[in-house]
$ cat data_18.txt   # compact mmCIF, C-alpha atoms and all ligand atoms
# COMPACT_ATOMS: atom_id res chain seq x y z
CA MET A 1 43.68 121.82 94.36
CA GLU A 2 40.44 121.06 92.44
CA PRO A 3 40.64 118.14 89.99
CA VAL A 4 40.05 120.46 87.02
CA ALA A 5 42.75 122.88 88.16
CA ARG A 6 45.13 119.99 88.79
CA GLU A 7 44.48 118.66 85.28
CA ALA A 8 45.09 122.11 83.82
CA THR A 9 48.37 122.35 85.73
CA ARG A 10 49.40 118.90 84.54
CA ARG A 11 48.65 119.88 80.95
CA GLY A 12 50.52 123.13 81.38
CA VAL A 13 53.60 121.33 82.69
CA ALA A 14 53.39 118.81 79.85
CA ALA A 15 53.08 121.65 77.35
CA CYS A 16 56.16 123.35 78.79
CA GLY A 17 57.99 120.07 78.47
CA ARG A 18 57.07 119.92 74.82
CA VAL A 19 58.08 123.50 74.17
CA PHE A 20 61.48 123.28 75.83
CA ASN A 21 62.28 119.67 75.13
CA ARG A 22 60.41 118.48 72.06
CA ASP A 23 62.05 115.08 71.95
CA PRO A 24 62.70 114.25 75.61
CA GLU A 25 63.82 110.63 75.45
CA PRO A 26 66.75 110.88 73.02
CA VAL A 27 68.01 114.08 74.68
CA TYR A 28 67.75 112.44 78.09
CA TYR A 29 69.81 109.43 77.13
CA ARG A 30 72.38 111.30 75.10
CA THR A 31 73.06 114.09 77.56
CA MET A 32 72.61 112.43 80.92
CA SER A 33 72.90 108.70 80.72
CA THR A 34 75.95 108.17 78.61
CA ARG A 35 78.10 111.19 79.48
CA LEU A 36 79.90 110.47 82.68
CA PRO A 37 81.48 113.02 85.03
CA ILE A 38 84.42 111.77 87.09
CA LEU A 39 85.59 113.94 90.00
CA VAL A 40 89.07 113.77 91.54
CA TYR A 41 89.84 114.57 95.16
CA HIS A 42 93.03 114.14 97.19
CA GLN A 43 92.62 114.97 100.90
CA VAL A 44 89.34 115.52 102.71
CA ASP A 45 90.55 117.51 105.68
CA ASP A 46 91.22 121.02 106.95
CA ILE A 47 94.30 122.63 105.41
CA PRO A 48 97.22 122.07 107.83
CA PRO A 49 99.73 124.83 108.60
CA ASN A 50 102.73 125.15 106.25
CA CYS A 51 100.98 123.07 103.63
CA TRP A 52 102.67 122.75 100.23
CA TYR A 53 99.53 121.91 98.29
CA PRO A 54 96.59 123.65 100.02
CA GLY A 55 94.50 123.19 96.87
CA ASN A 56 94.55 119.42 97.45
CA TYR A 57 92.46 119.79 100.62
CA VAL A 58 88.67 119.76 100.57
CA GLY A 59 87.24 120.44 104.03
CA PRO A 60 84.89 117.84 105.56
CA ALA A 61 81.94 120.27 105.57
CA GLN A 62 82.73 121.32 101.98
CA PHE A 63 82.84 117.65 100.97
CA ALA A 64 79.49 116.94 102.69
CA ALA A 65 77.90 119.90 100.90
CA GLN A 66 79.19 118.61 97.56
CA LEU A 67 77.77 115.12 98.20
CA SER A 68 74.42 116.69 99.13
CA LEU A 69 74.47 118.65 95.89
CA LEU A 70 75.14 115.51 93.83
CA GLN A 71 72.22 113.77 95.55
CA ARG A 72 69.93 116.76 94.96
CA LEU A 73 70.90 116.77 91.27
CA GLY A 74 70.00 113.08 91.01
CA TYR A 75 73.49 111.65 90.55
CA SER A 76 74.20 108.02 91.48
CA THR A 77 77.79 107.01 92.22
CA ILE A 78 79.17 104.02 90.33
CA THR A 79 82.52 102.20 90.19
CA PHE A 80 84.87 101.78 87.25
CA ALA A 81 84.04 98.06 87.26
CA GLN A 82 80.39 98.97 86.59
CA TYR A 83 81.30 101.60 84.00
CA LEU A 84 83.69 99.35 82.09
CA ALA A 85 81.14 96.51 82.06
CA PHE A 86 78.57 99.00 80.72
CA ARG A 87 80.98 100.09 77.98
CA ARG A 88 81.47 96.45 77.03
CA GLY A 89 77.69 96.11 76.75
CA GLU A 90 77.51 93.79 79.75
CA GLY A 91 75.50 95.79 82.24
CA THR A 92 73.49 98.88 82.96
CA ILE A 93 74.28 102.06 84.86
CA PRO A 94 71.97 104.63 86.46
CA THR A 95 70.51 107.34 84.27
CA ARG A 96 72.73 110.02 85.85
CA PRO A 97 75.97 108.30 86.88
CA ILE A 98 79.07 109.84 88.43
CA ILE A 99 82.39 108.43 89.64
CA LEU A 100 84.09 109.97 92.68
CA THR A 101 87.83 109.30 92.81
CA PHE A 102 90.56 109.93 95.37
CA ASP A 103 94.21 109.94 94.29
CA ASP A 104 97.11 108.76 96.49
CA GLY A 105 95.04 106.99 99.19
CA TYR A 106 95.47 109.40 102.09
CA MET A 107 94.26 108.35 105.54
CA SER A 108 91.88 111.33 105.55
CA VAL A 109 89.83 109.51 102.91
CA LYS A 110 89.06 106.83 105.50
CA THR A 111 88.58 109.13 108.47
CA ASN A 112 86.67 111.99 106.83
CA ALA A 113 85.28 110.92 103.43
CA TYR A 114 84.38 107.26 103.86
CA PRO A 115 81.88 107.71 106.77
CA GLN A 116 80.03 110.36 104.76
CA LEU A 117 79.90 108.11 101.70
CA VAL A 118 78.61 105.17 103.75
CA ALA A 119 75.96 107.33 105.44
CA ARG A 120 74.62 108.33 102.03
CA GLY A 121 74.89 104.92 100.35
CA MET A 122 77.50 106.27 97.94
CA THR A 123 80.65 104.63 96.59
CA ALA A 124 84.02 105.90 95.35
CA THR A 125 87.28 104.72 93.83
CA VAL A 126 90.64 105.20 95.55
CA PHE A 127 93.85 105.09 93.50
CA VAL A 128 96.67 103.81 95.72
CA VAL A 129 100.44 103.74 95.28
CA SER A 130 101.17 100.03 95.75
CA GLY A 131 104.70 100.54 97.10
CA GLN A 132 103.43 102.97 99.77
CA VAL A 133 100.50 101.05 101.26
CA GLY A 134 100.73 101.95 104.96
CA GLY A 135 103.46 104.46 104.10
CA THR A 136 103.53 108.16 103.30
CA ASN A 137 103.65 110.48 100.29
CA ALA A 138 107.38 109.75 99.99
CA TRP A 139 107.34 110.85 96.33
CA ASP A 140 106.90 114.42 97.64
CA SER A 141 109.98 114.31 99.83
CA GLN A 142 109.99 118.07 100.42
CA ALA A 143 106.33 118.21 101.45
CA THR A 144 104.93 117.31 104.86
CA GLN A 145 104.68 113.53 105.07
CA GLU A 146 101.07 112.38 105.46
CA SER A 147 99.85 108.89 106.36
CA LEU A 148 98.49 106.69 103.61
CA LEU A 149 95.95 103.88 103.94
CA GLY A 150 97.34 100.56 105.16
CA THR A 151 96.34 97.04 104.17
CA GLU A 152 93.64 96.74 106.84
CA ASP A 153 92.16 100.15 106.03
CA ILE A 154 91.95 99.22 102.37
CA LEU A 155 90.33 95.85 103.02
CA ALA A 156 87.81 97.35 105.46
CA MET A 157 86.82 100.03 102.97
CA GLN A 158 86.66 97.50 100.14
CA ALA A 159 84.26 95.42 102.29
CA GLY A 160 82.21 98.64 102.65
CA GLY A 161 81.84 98.96 98.87
CA VAL A 162 84.78 101.23 97.98
CA GLU A 163 86.76 100.31 94.85
CA PHE A 164 90.57 100.43 94.74
CA GLN A 165 92.68 100.84 91.61
CA SER A 166 96.31 101.61 90.78
CA HIS A 167 98.26 104.87 91.05
CA THR A 168 101.51 103.01 90.05
CA HIS A 169 104.13 101.49 92.36
CA THR A 170 106.12 104.61 93.38
CA HIS A 171 104.05 107.56 92.03
CA ALA A 172 106.56 107.96 89.18
CA ARG A 173 106.19 110.48 86.37
CA LEU A 174 105.53 107.79 83.75
CA PRO A 175 106.46 109.53 80.46
CA THR A 176 110.04 110.05 81.74
CA LEU A 177 110.71 106.34 82.38
CA THR A 178 112.57 103.77 80.30
CA PRO A 179 110.33 101.04 78.82
CA ASP A 180 111.47 98.54 81.49
CA ALA A 181 110.82 100.94 84.37
CA LEU A 182 107.47 101.92 82.87
CA ARG A 183 106.44 98.28 82.58
CA HIS A 184 107.45 97.69 86.19
CA GLU A 185 105.45 100.65 87.55
CA LEU A 186 102.32 99.49 85.73
CA ALA A 187 102.55 95.69 85.90
CA HIS A 188 104.01 95.37 89.40
CA SER A 189 101.49 97.72 91.02
CA ARG A 190 98.66 95.90 89.26
CA ALA A 191 99.89 92.49 90.44
CA GLU A 192 100.48 93.68 94.03
CA LEU A 193 97.05 95.27 94.31
CA GLN A 194 95.26 92.32 92.73
CA SER A 195 96.84 89.99 95.25
CA LEU A 196 95.83 92.33 98.10
CA LEU A 197 92.27 92.94 96.88
CA GLY A 198 91.40 89.61 95.28
CA VAL A 199 89.67 91.32 92.36
CA PRO A 200 90.88 92.56 88.95
CA VAL A 201 92.72 95.91 88.94
CA GLU A 202 91.91 97.45 85.58
CA VAL A 203 92.28 101.22 85.96
CA ILE A 204 95.43 103.34 86.24
CA SER A 205 95.56 106.92 87.49
CA TYR A 206 98.67 108.41 85.87
CA PRO A 207 100.61 110.31 88.57
CA TYR A 208 100.53 114.09 87.94
CA GLY A 209 98.10 113.24 85.12
CA ALA A 210 101.26 112.72 83.04
CA HIS A 211 100.68 110.35 80.17
CA ALA A 212 101.97 109.89 76.63
CA PRO A 213 101.35 107.43 73.77
CA GLN A 214 103.99 104.99 75.06
CA VAL A 215 102.39 105.14 78.53
CA THR A 216 98.86 104.34 77.40
CA ALA A 217 100.21 101.61 75.06
CA MET A 218 102.10 99.99 77.95
CA ALA A 219 99.05 100.35 80.22
CA ARG A 220 97.00 98.42 77.68
CA GLU A 221 99.75 95.82 77.25
CA THR A 222 100.01 95.25 81.01
CA GLY A 223 96.28 94.60 81.36
CA TYR A 224 94.65 97.94 82.16
CA GLN A 225 91.26 98.58 80.59
CA ALA A 226 91.17 102.28 81.48
CA GLY A 227 93.28 105.23 82.58
CA VAL A 228 92.34 108.58 84.09
CA ILE A 229 93.75 112.04 83.47
CA SER A 230 92.86 115.55 84.63
CA ARG A 231 90.69 117.44 82.16
CA ARG A 232 87.53 119.45 82.82
CA ARG A 233 85.25 117.47 80.51
CA LEU A 234 82.72 114.64 80.72
CA ASN A 235 83.22 111.17 79.21
CA ALA A 236 81.21 109.94 76.25
CA PRO A 237 81.04 106.34 75.00
CA THR A 238 83.57 107.39 72.36
CA THR A 239 86.11 108.82 74.85
CA ASP A 240 89.41 106.88 74.81
CA PRO A 241 89.08 104.61 77.87
CA LEU A 242 92.82 105.03 78.56
CA ALA A 243 92.39 108.81 78.83
CA LEU A 244 89.15 109.31 80.75
CA ARG A 245 88.68 112.90 81.86
CA ARG A 246 88.36 113.97 85.49
CA ILE A 247 87.24 117.24 87.02
CA SER A 248 89.63 118.37 89.78
CA ILE A 249 87.98 119.37 93.04
CA THR A 250 90.08 121.72 95.16
CA SER A 251 89.81 123.72 98.38
CA ARG A 252 88.32 126.50 96.25
CA THR A 253 85.54 124.44 94.62
CA SER A 254 82.29 125.83 96.00
CA VAL A 255 78.96 124.02 95.71
CA ALA A 256 77.82 126.66 93.21
CA ARG A 257 80.96 126.16 91.12
CA LEU A 258 80.51 122.38 91.07
CA ALA A 259 76.83 122.71 90.14
CA TRP A 260 77.69 125.15 87.37
CA ASP A 261 80.49 122.93 86.01
CA LEU A 262 78.26 119.86 85.90
CA LEU A 263 75.50 121.77 84.11
CA ARG A 264 77.86 123.54 81.70
CA LEU A 265 79.73 120.35 80.82
CA ARG A 266 76.51 118.45 80.16
CA LEU A 267 75.71 121.01 77.49
CA HIS A 268 79.25 121.08 76.10
CA ARG A 269 79.75 118.91 73.04
CA ASP A 270 83.10 117.22 72.47
ZN ZN B 301 99.04 111.29 92.96

$ encode --input "data_18.txt" --output "structure tokens" --more "lines below"
Ligand SMILES: [Zn+2]
Amino acid sequence: MEPVAREATRRGVAACGRVFNRDPEPVYYRTMSTRLPILVYHQVDDIPPNCWYPGNYVGPAQFAAQLSLLQRLGYSTITFAQYLAFRRGEGTIPTRPIILTFDDGYMSVKTNAYPQLVARGMTATVFVVSGQVGGTNAWDSQATQESLLGTEDILAMQAGGVEFQSHTHTHARLPTLTPDALRHELAHSRAELQSLLGVPVEVISYPYGAHAPQVTAMARETGYQAGVISRRRLNAPTTDPLALRRISITSRTSVARLAWDLLRLRLHRD
């Protein structure tokens, strides 16, 4: 392209920018930098026969396509440790951050998700049930029992940059518990995981997304800085850290649907 034509194109692009986005910097920071999407996955695997919760399975190819989409859209994965430090004013985060989470700590996260994350330089957070490390999804006694990550799997993935946080001790439905049992689920799982990981455990994923005022109060009292629920919204700096919203990704979440959700939610004000 001739220099004059190139200059005209540059001016044209700049003019379009002014027309559609008259005040780019504030909009950029408000809509993209500080509003955080958090995704929640369970299994990354093909749906097995006679499966009770087929929606919990995201196929390996589907997962890879979703990661590619996030990269194309300019998202950078961060951990809760980074996000909480940022909220305390102690650090920075990328301009378009996202947190990928996995509930329950299934073995398929290590075999099918972790290699894809490593290959792309991405991180994630796995919420594990401290009383079932190396065990199975015993809380779903009627469902097919699936292997969960063991101590060595967790430590190997932690060394590879994956963050681990708590999904309670037994995967209990927290709002139904007595205060003593509630305290035990929260405090004991935190202590067990901290001794395994050697780093602070500060985030709780409430099993079934079930939380209540007494649950979040006890989470705070037992040392958690944040908690995650299931709600199709982004997180603003004003979002209650003990009820951070997560977008559920299921076997039916197409790349187009994920792209649309991320765009739509960025424009949604709440
Ligand atoms: Zn769970």

$ residues_near_ligand --input "data_18.txt" --ligand "ligand ZN 301 (chain B)" --cutoff "12 Å" --atoms "all atoms listed in the file" --output "ChimeraX atom specification"
/A:40-43,53,56,101-106,126-130,132,136-140,148,166-174,204-210,228-230

$ closest_residue --input "data_18.txt" --among "A:Arg35, A:Gln82, A:Gly135, A:Pro48" --to "Thr238 of chain A" --atoms "only C-alpha atoms"
A:Arg35

$ residues_around --input "data_18.txt" --residues "Leu69 of chain A" --least-positions-apart "5" --cutoff "9 Å" --atoms "only C-alpha atoms" --output "VMD selection string"
chain A and resid 64 74 to 75 255 258 to 259

$ closest_residue --input "data_18.txt" --among "A:Ala159, A:Val201, A:Ala217, A:Glu192" --to "Pro179 of chain A" --atoms "all atoms listed in the file"
A:Ala217

$ closest_residue --input "data_18.txt" --among "A:Leu155, A:Leu117, A:Ile99, A:Val44" --to "Ser251 of chain A" --atoms "all atoms listed in the file"
A:Val44

$ atom_distance --input "data_18.txt" --atom1 "atom CA of Gln158 of chain A" --atom2 "atom CA of Thr125 of chain A"
9.6 Å

$ closest_residue --input "data_18.txt" --among "A:Ala212, A:Ser189, A:Thr79, A:Leu100" --to "Ser248 of chain A" --atoms "only C-alpha atoms"
A:Leu100

$ closest_residue --input "data_18.txt" --among "A:Pro54, A:Met218, A:Leu262, A:Ala81" --to "Val199 of chain A" --atoms "all atoms listed in the file"
A:Ala81

$ atom_distance --input "data_18.txt" --atom1 "atom CA of Asn235 of chain A" --atom2 "atom CA of Ile38 of chain A"
8.0 Å

$ residues_near_point --input "data_18.txt" --point "(86.7, 109.8, 104.1)" --cutoff "10 Å" --atoms "only C-alpha atoms" --output "PyMOL selection string"
chain A and resi 43-45+60+63+102+106-118+124+157

$ residues_near_point --input "data_18.txt" --point "(94.0, 103.1, 83.9)" --cutoff "7 Å" --atoms "only C-alpha atoms" --output "number ranges by chain"
A: 202-205, 219, 224-228, 242

$ atom_distance --input "data_18.txt" --atom1 "atom CA of Gly59 of chain A" --atom2 "atom CA of Thr250 of chain A"
9.4 Å

$ axis_aligned_box --input "data_18.txt" --around "segment 129-135 of chain A" --padding-each-side "8 Å" --output "lines of an AutoDock Vina configuration file"
center_x = 102.6
center_y = 102.2
center_z = 100.1
size_x = 20.3
size_y = 20.4
size_z = 25.7

$ closest_residue --input "data_18.txt" --among "A:Phe86, A:Ser195, A:Thr144, A:Ala187" --to "Ile47 of chain A" --atoms "all atoms listed in the file"
A:Thr144

$ decode --input "data_18.txt" --residues "segment 27-156 of chain A" --atoms "C-alpha atoms" --output "PDB file, in the first residue's frame"
ATOM      1  CA  VAL A  27     -14.488   2.164  28.722  1.00  0.00           C
ATOM      2  CA  TYR A  28     -11.588  -0.235  28.247  1.00  0.00           C
ATOM      3  CA  TYR A  29     -10.715  -0.371  31.911  1.00  0.00           C
ATOM      4  CA  ARG A  30     -14.262  -0.469  33.192  1.00  0.00           C
ATOM      5  CA  THR A  31     -15.595  -3.127  30.864  1.00  0.00           C
ATOM      6  CA  MET A  32     -12.607  -5.373  30.296  1.00  0.00           C
ATOM      7  CA  SER A  33     -10.007  -4.994  32.975  1.00  0.00           C
ATOM      8  CA  THR A  34     -12.002  -5.055  36.143  1.00  0.00           C
ATOM      9  CA  ARG A  35     -14.916  -7.334  35.256  1.00  0.00           C
ATOM     10  CA  LEU A  36     -13.779 -10.885  35.616  1.00  0.00           C
ATOM     11  CA  PRO A  37     -15.403 -13.963  34.074  1.00  0.00           C
ATOM     12  CA  ILE A  38     -14.925 -17.220  35.980  1.00  0.00           C
ATOM     13  CA  LEU A  39     -15.807 -20.470  34.193  1.00  0.00           C
ATOM     14  CA  VAL A  40     -16.632 -23.736  35.958  1.00  0.00           C
ATOM     15  CA  TYR A  41     -15.974 -27.172  34.503  1.00  0.00           C
ATOM     16  CA  HIS A  42     -16.245 -30.637  36.048  1.00  0.00           C
ATOM     17  CA  GLN A  43     -15.012 -33.450  33.775  1.00  0.00           C
ATOM     18  CA  VAL A  44     -13.060 -33.013  30.556  1.00  0.00           C
ATOM     19  CA  ASP A  45     -13.808 -36.316  28.884  1.00  0.00           C
ATOM     20  CA  ASP A  46     -16.212 -38.094  26.554  1.00  0.00           C
ATOM     21  CA  ILE A  47     -19.588 -38.852  28.144  1.00  0.00           C
ATOM     22  CA  PRO A  48     -19.456 -42.450  29.442  1.00  0.00           C
ATOM     23  CA  PRO A  49     -22.389 -44.847  28.996  1.00  0.00           C
ATOM     24  CA  ASN A  50     -25.105 -44.779  31.690  1.00  0.00           C
ATOM     25  CA  CYS A  51     -23.878 -41.427  32.935  1.00  0.00           C
ATOM     26  CA  TRP A  52     -25.962 -39.673  35.598  1.00  0.00           C
ATOM     27  CA  TYR A  53     -24.717 -36.175  34.853  1.00  0.00           C
ATOM     28  CA  PRO A  54     -23.869 -36.001  31.124  1.00  0.00           C
ATOM     29  CA  GLY A  55     -23.943 -32.206  31.315  1.00  0.00           C
ATOM     30  CA  ASN A  56     -20.845 -32.298  33.539  1.00  0.00           C
ATOM     31  CA  TYR A  57     -18.714 -33.632  30.676  1.00  0.00           C
ATOM     32  CA  VAL A  58     -16.920 -31.354  28.242  1.00  0.00           C
ATOM     33  CA  GLY A  59     -15.208 -33.344  25.485  1.00  0.00           C
ATOM     34  CA  PRO A  60     -11.436 -32.909  25.021  1.00  0.00           C
ATOM     35  CA  ALA A  61     -11.879 -31.419  21.528  1.00  0.00           C
ATOM     36  CA  GLN A  62     -14.663 -29.132  22.796  1.00  0.00           C
ATOM     37  CA  PHE A  63     -12.388 -28.000  25.634  1.00  0.00           C
ATOM     38  CA  ALA A  64      -9.494 -27.321  23.221  1.00  0.00           C
ATOM     39  CA  ALA A  65     -11.791 -25.261  20.985  1.00  0.00           C
ATOM     40  CA  GLN A  66     -12.923 -23.218  23.990  1.00  0.00           C
ATOM     41  CA  LEU A  67      -9.321 -22.528  25.054  1.00  0.00           C
ATOM     42  CA  SER A  68      -8.501 -21.452  21.483  1.00  0.00           C
ATOM     43  CA  LEU A  69     -11.472 -19.094  21.543  1.00  0.00           C
ATOM     44  CA  LEU A  70     -10.329 -17.515  24.826  1.00  0.00           C
ATOM     45  CA  GLN A  71      -6.860 -16.984  23.352  1.00  0.00           C
ATOM     46  CA  ARG A  72      -8.312 -15.464  20.162  1.00  0.00           C
ATOM     47  CA  LEU A  73     -10.432 -13.093  22.259  1.00  0.00           C
ATOM     48  CA  GLY A  74      -7.326 -11.967  24.156  1.00  0.00           C
ATOM     49  CA  TYR A  75      -8.104 -13.509  27.546  1.00  0.00           C
ATOM     50  CA  SER A  76      -5.272 -14.297  29.971  1.00  0.00           C
ATOM     51  CA  THR A  77      -5.870 -16.898  32.671  1.00  0.00           C
ATOM     52  CA  ILE A  78      -5.104 -15.890  36.255  1.00  0.00           C
ATOM     53  CA  THR A  79      -5.374 -17.570  39.664  1.00  0.00           C
ATOM     54  CA  PHE A  80      -7.494 -16.563  42.648  1.00  0.00           C
ATOM     55  CA  ALA A  81      -4.273 -15.692  44.490  1.00  0.00           C
ATOM     56  CA  GLN A  82      -3.538 -13.094  41.792  1.00  0.00           C
ATOM     57  CA  TYR A  83      -7.127 -11.838  41.717  1.00  0.00           C
ATOM     58  CA  LEU A  84      -7.409 -11.483  45.496  1.00  0.00           C
ATOM     59  CA  ALA A  85      -4.065  -9.654  45.661  1.00  0.00           C
ATOM     60  CA  PHE A  86      -5.344  -7.324  42.922  1.00  0.00           C
ATOM     61  CA  ARG A  87      -8.541  -6.673  44.887  1.00  0.00           C
ATOM     62  CA  ARG A  88      -6.438  -5.819  47.932  1.00  0.00           C
ATOM     63  CA  GLY A  89      -4.517  -3.320  45.789  1.00  0.00           C
ATOM     64  CA  GLU A  90      -1.330  -5.374  45.970  1.00  0.00           C
ATOM     65  CA  GLY A  91      -0.777  -6.388  42.376  1.00  0.00           C
ATOM     66  CA  THR A  92      -1.840  -6.096  38.789  1.00  0.00           C
ATOM     67  CA  ILE A  93      -3.772  -8.420  36.502  1.00  0.00           C
ATOM     68  CA  PRO A  94      -3.904  -8.603  32.704  1.00  0.00           C
ATOM     69  CA  THR A  95      -6.252  -6.273  30.867  1.00  0.00           C
ATOM     70  CA  ARG A  96      -8.620  -9.131  29.964  1.00  0.00           C
ATOM     71  CA  PRO A  97      -8.389 -11.689  32.783  1.00  0.00           C
ATOM     72  CA  ILE A  98     -10.324 -14.924  33.191  1.00  0.00           C
ATOM     73  CA  ILE A  99     -10.278 -17.707  35.786  1.00  0.00           C
ATOM     74  CA  LEU A 100     -10.885 -21.310  34.696  1.00  0.00           C
ATOM     75  CA  THR A 101     -12.087 -23.552  37.525  1.00  0.00           C
ATOM     76  CA  PHE A 102     -12.709 -27.277  37.880  1.00  0.00           C
ATOM     77  CA  ASP A 103     -14.925 -28.571  40.686  1.00  0.00           C
ATOM     78  CA  ASP A 104     -14.412 -31.926  42.460  1.00  0.00           C
ATOM     79  CA  GLY A 105     -10.879 -32.672  41.172  1.00  0.00           C
ATOM     80  CA  TYR A 106     -11.605 -35.499  38.747  1.00  0.00           C
ATOM     81  CA  MET A 107      -8.686 -37.432  37.254  1.00  0.00           C
ATOM     82  CA  SER A 108      -9.816 -36.343  33.780  1.00  0.00           C
ATOM     83  CA  VAL A 109      -8.652 -32.830  34.668  1.00  0.00           C
ATOM     84  CA  LYS A 110      -5.097 -34.160  34.853  1.00  0.00           C
ATOM     85  CA  THR A 111      -5.273 -36.493  31.881  1.00  0.00           C
ATOM     86  CA  ASN A 112      -7.279 -34.354  29.441  1.00  0.00           C
ATOM     87  CA  ALA A 113      -7.338 -30.704  30.577  1.00  0.00           C
ATOM     88  CA  TYR A 114      -3.944 -30.136  32.177  1.00  0.00           C
ATOM     89  CA  PRO A 115      -1.796 -31.024  29.099  1.00  0.00           C
ATOM     90  CA  GLN A 116      -3.833 -28.601  26.982  1.00  0.00           C
ATOM     91  CA  LEU A 117      -3.442 -25.840  29.566  1.00  0.00           C
ATOM     92  CA  VAL A 118       0.320 -26.408  29.794  1.00  0.00           C
ATOM     93  CA  ALA A 119       0.692 -26.424  26.003  1.00  0.00           C
ATOM     94  CA  ARG A 120      -0.961 -23.010  25.847  1.00  0.00           C
ATOM     95  CA  GLY A 121       0.743 -21.469  28.886  1.00  0.00           C
ATOM     96  CA  MET A 122      -2.603 -21.224  30.682  1.00  0.00           C
ATOM     97  CA  THR A 123      -3.454 -21.836  34.331  1.00  0.00           C
ATOM     98  CA  ALA A 124      -6.564 -22.973  36.210  1.00  0.00           C
ATOM     99  CA  THR A 125      -7.898 -23.563  39.706  1.00  0.00           C
ATOM    100  CA  VAL A 126      -9.080 -26.977  40.902  1.00  0.00           C
ATOM    101  CA  PHE A 127     -11.436 -27.220  43.889  1.00  0.00           C
ATOM    102  CA  VAL A 128     -10.804 -30.521  45.666  1.00  0.00           C
ATOM    103  CA  VAL A 129     -12.727 -32.393  48.356  1.00  0.00           C
ATOM    104  CA  SER A 130     -10.050 -32.812  51.034  1.00  0.00           C
ATOM    105  CA  GLY A 131     -11.507 -36.033  52.469  1.00  0.00           C
ATOM    106  CA  GLN A 132     -11.545 -37.678  49.009  1.00  0.00           C
ATOM    107  CA  VAL A 133      -8.033 -36.931  47.739  1.00  0.00           C
ATOM    108  CA  GLY A 134      -7.160 -40.119  45.836  1.00  0.00           C
ATOM    109  CA  GLY A 135     -10.737 -41.312  46.346  1.00  0.00           C
ATOM    110  CA  THR A 136     -13.933 -41.105  44.332  1.00  0.00           C
ATOM    111  CA  ASN A 137     -17.098 -39.007  44.113  1.00  0.00           C
ATOM    112  CA  ALA A 138     -18.445 -40.902  47.141  1.00  0.00           C
ATOM    113  CA  TRP A 139     -20.910 -38.066  47.859  1.00  0.00           C
ATOM    114  CA  ASP A 140     -22.817 -39.230  44.749  1.00  0.00           C
ATOM    115  CA  SER A 141     -23.205 -42.789  45.965  1.00  0.00           C
ATOM    116  CA  GLN A 142     -25.796 -43.661  43.316  1.00  0.00           C
ATOM    117  CA  ALA A 143     -23.706 -42.341  40.425  1.00  0.00           C
ATOM    118  CA  THR A 144     -20.823 -44.138  38.727  1.00  0.00           C
ATOM    119  CA  GLN A 145     -17.750 -43.765  40.916  1.00  0.00           C
ATOM    120  CA  GLU A 146     -15.003 -41.818  39.143  1.00  0.00           C
ATOM    121  CA  SER A 147     -11.367 -41.452  40.238  1.00  0.00           C
ATOM    122  CA  LEU A 148     -10.296 -38.214  41.862  1.00  0.00           C
ATOM    123  CA  LEU A 149      -6.818 -36.682  41.877  1.00  0.00           C
ATOM    124  CA  GLY A 150      -4.416 -38.127  44.441  1.00  0.00           C
ATOM    125  CA  THR A 151      -1.713 -36.371  46.447  1.00  0.00           C
ATOM    126  CA  GLU A 152       0.987 -36.884  43.814  1.00  0.00           C
ATOM    127  CA  ASP A 153      -1.256 -35.722  40.976  1.00  0.00           C
ATOM    128  CA  ILE A 154      -2.101 -32.569  42.897  1.00  0.00           C
ATOM    129  CA  LEU A 155       1.511 -31.774  43.753  1.00  0.00           C
ATOM    130  CA  ALA A 156       2.661 -32.398  40.162  1.00  0.00           C
TER     131      ALA A 156
END
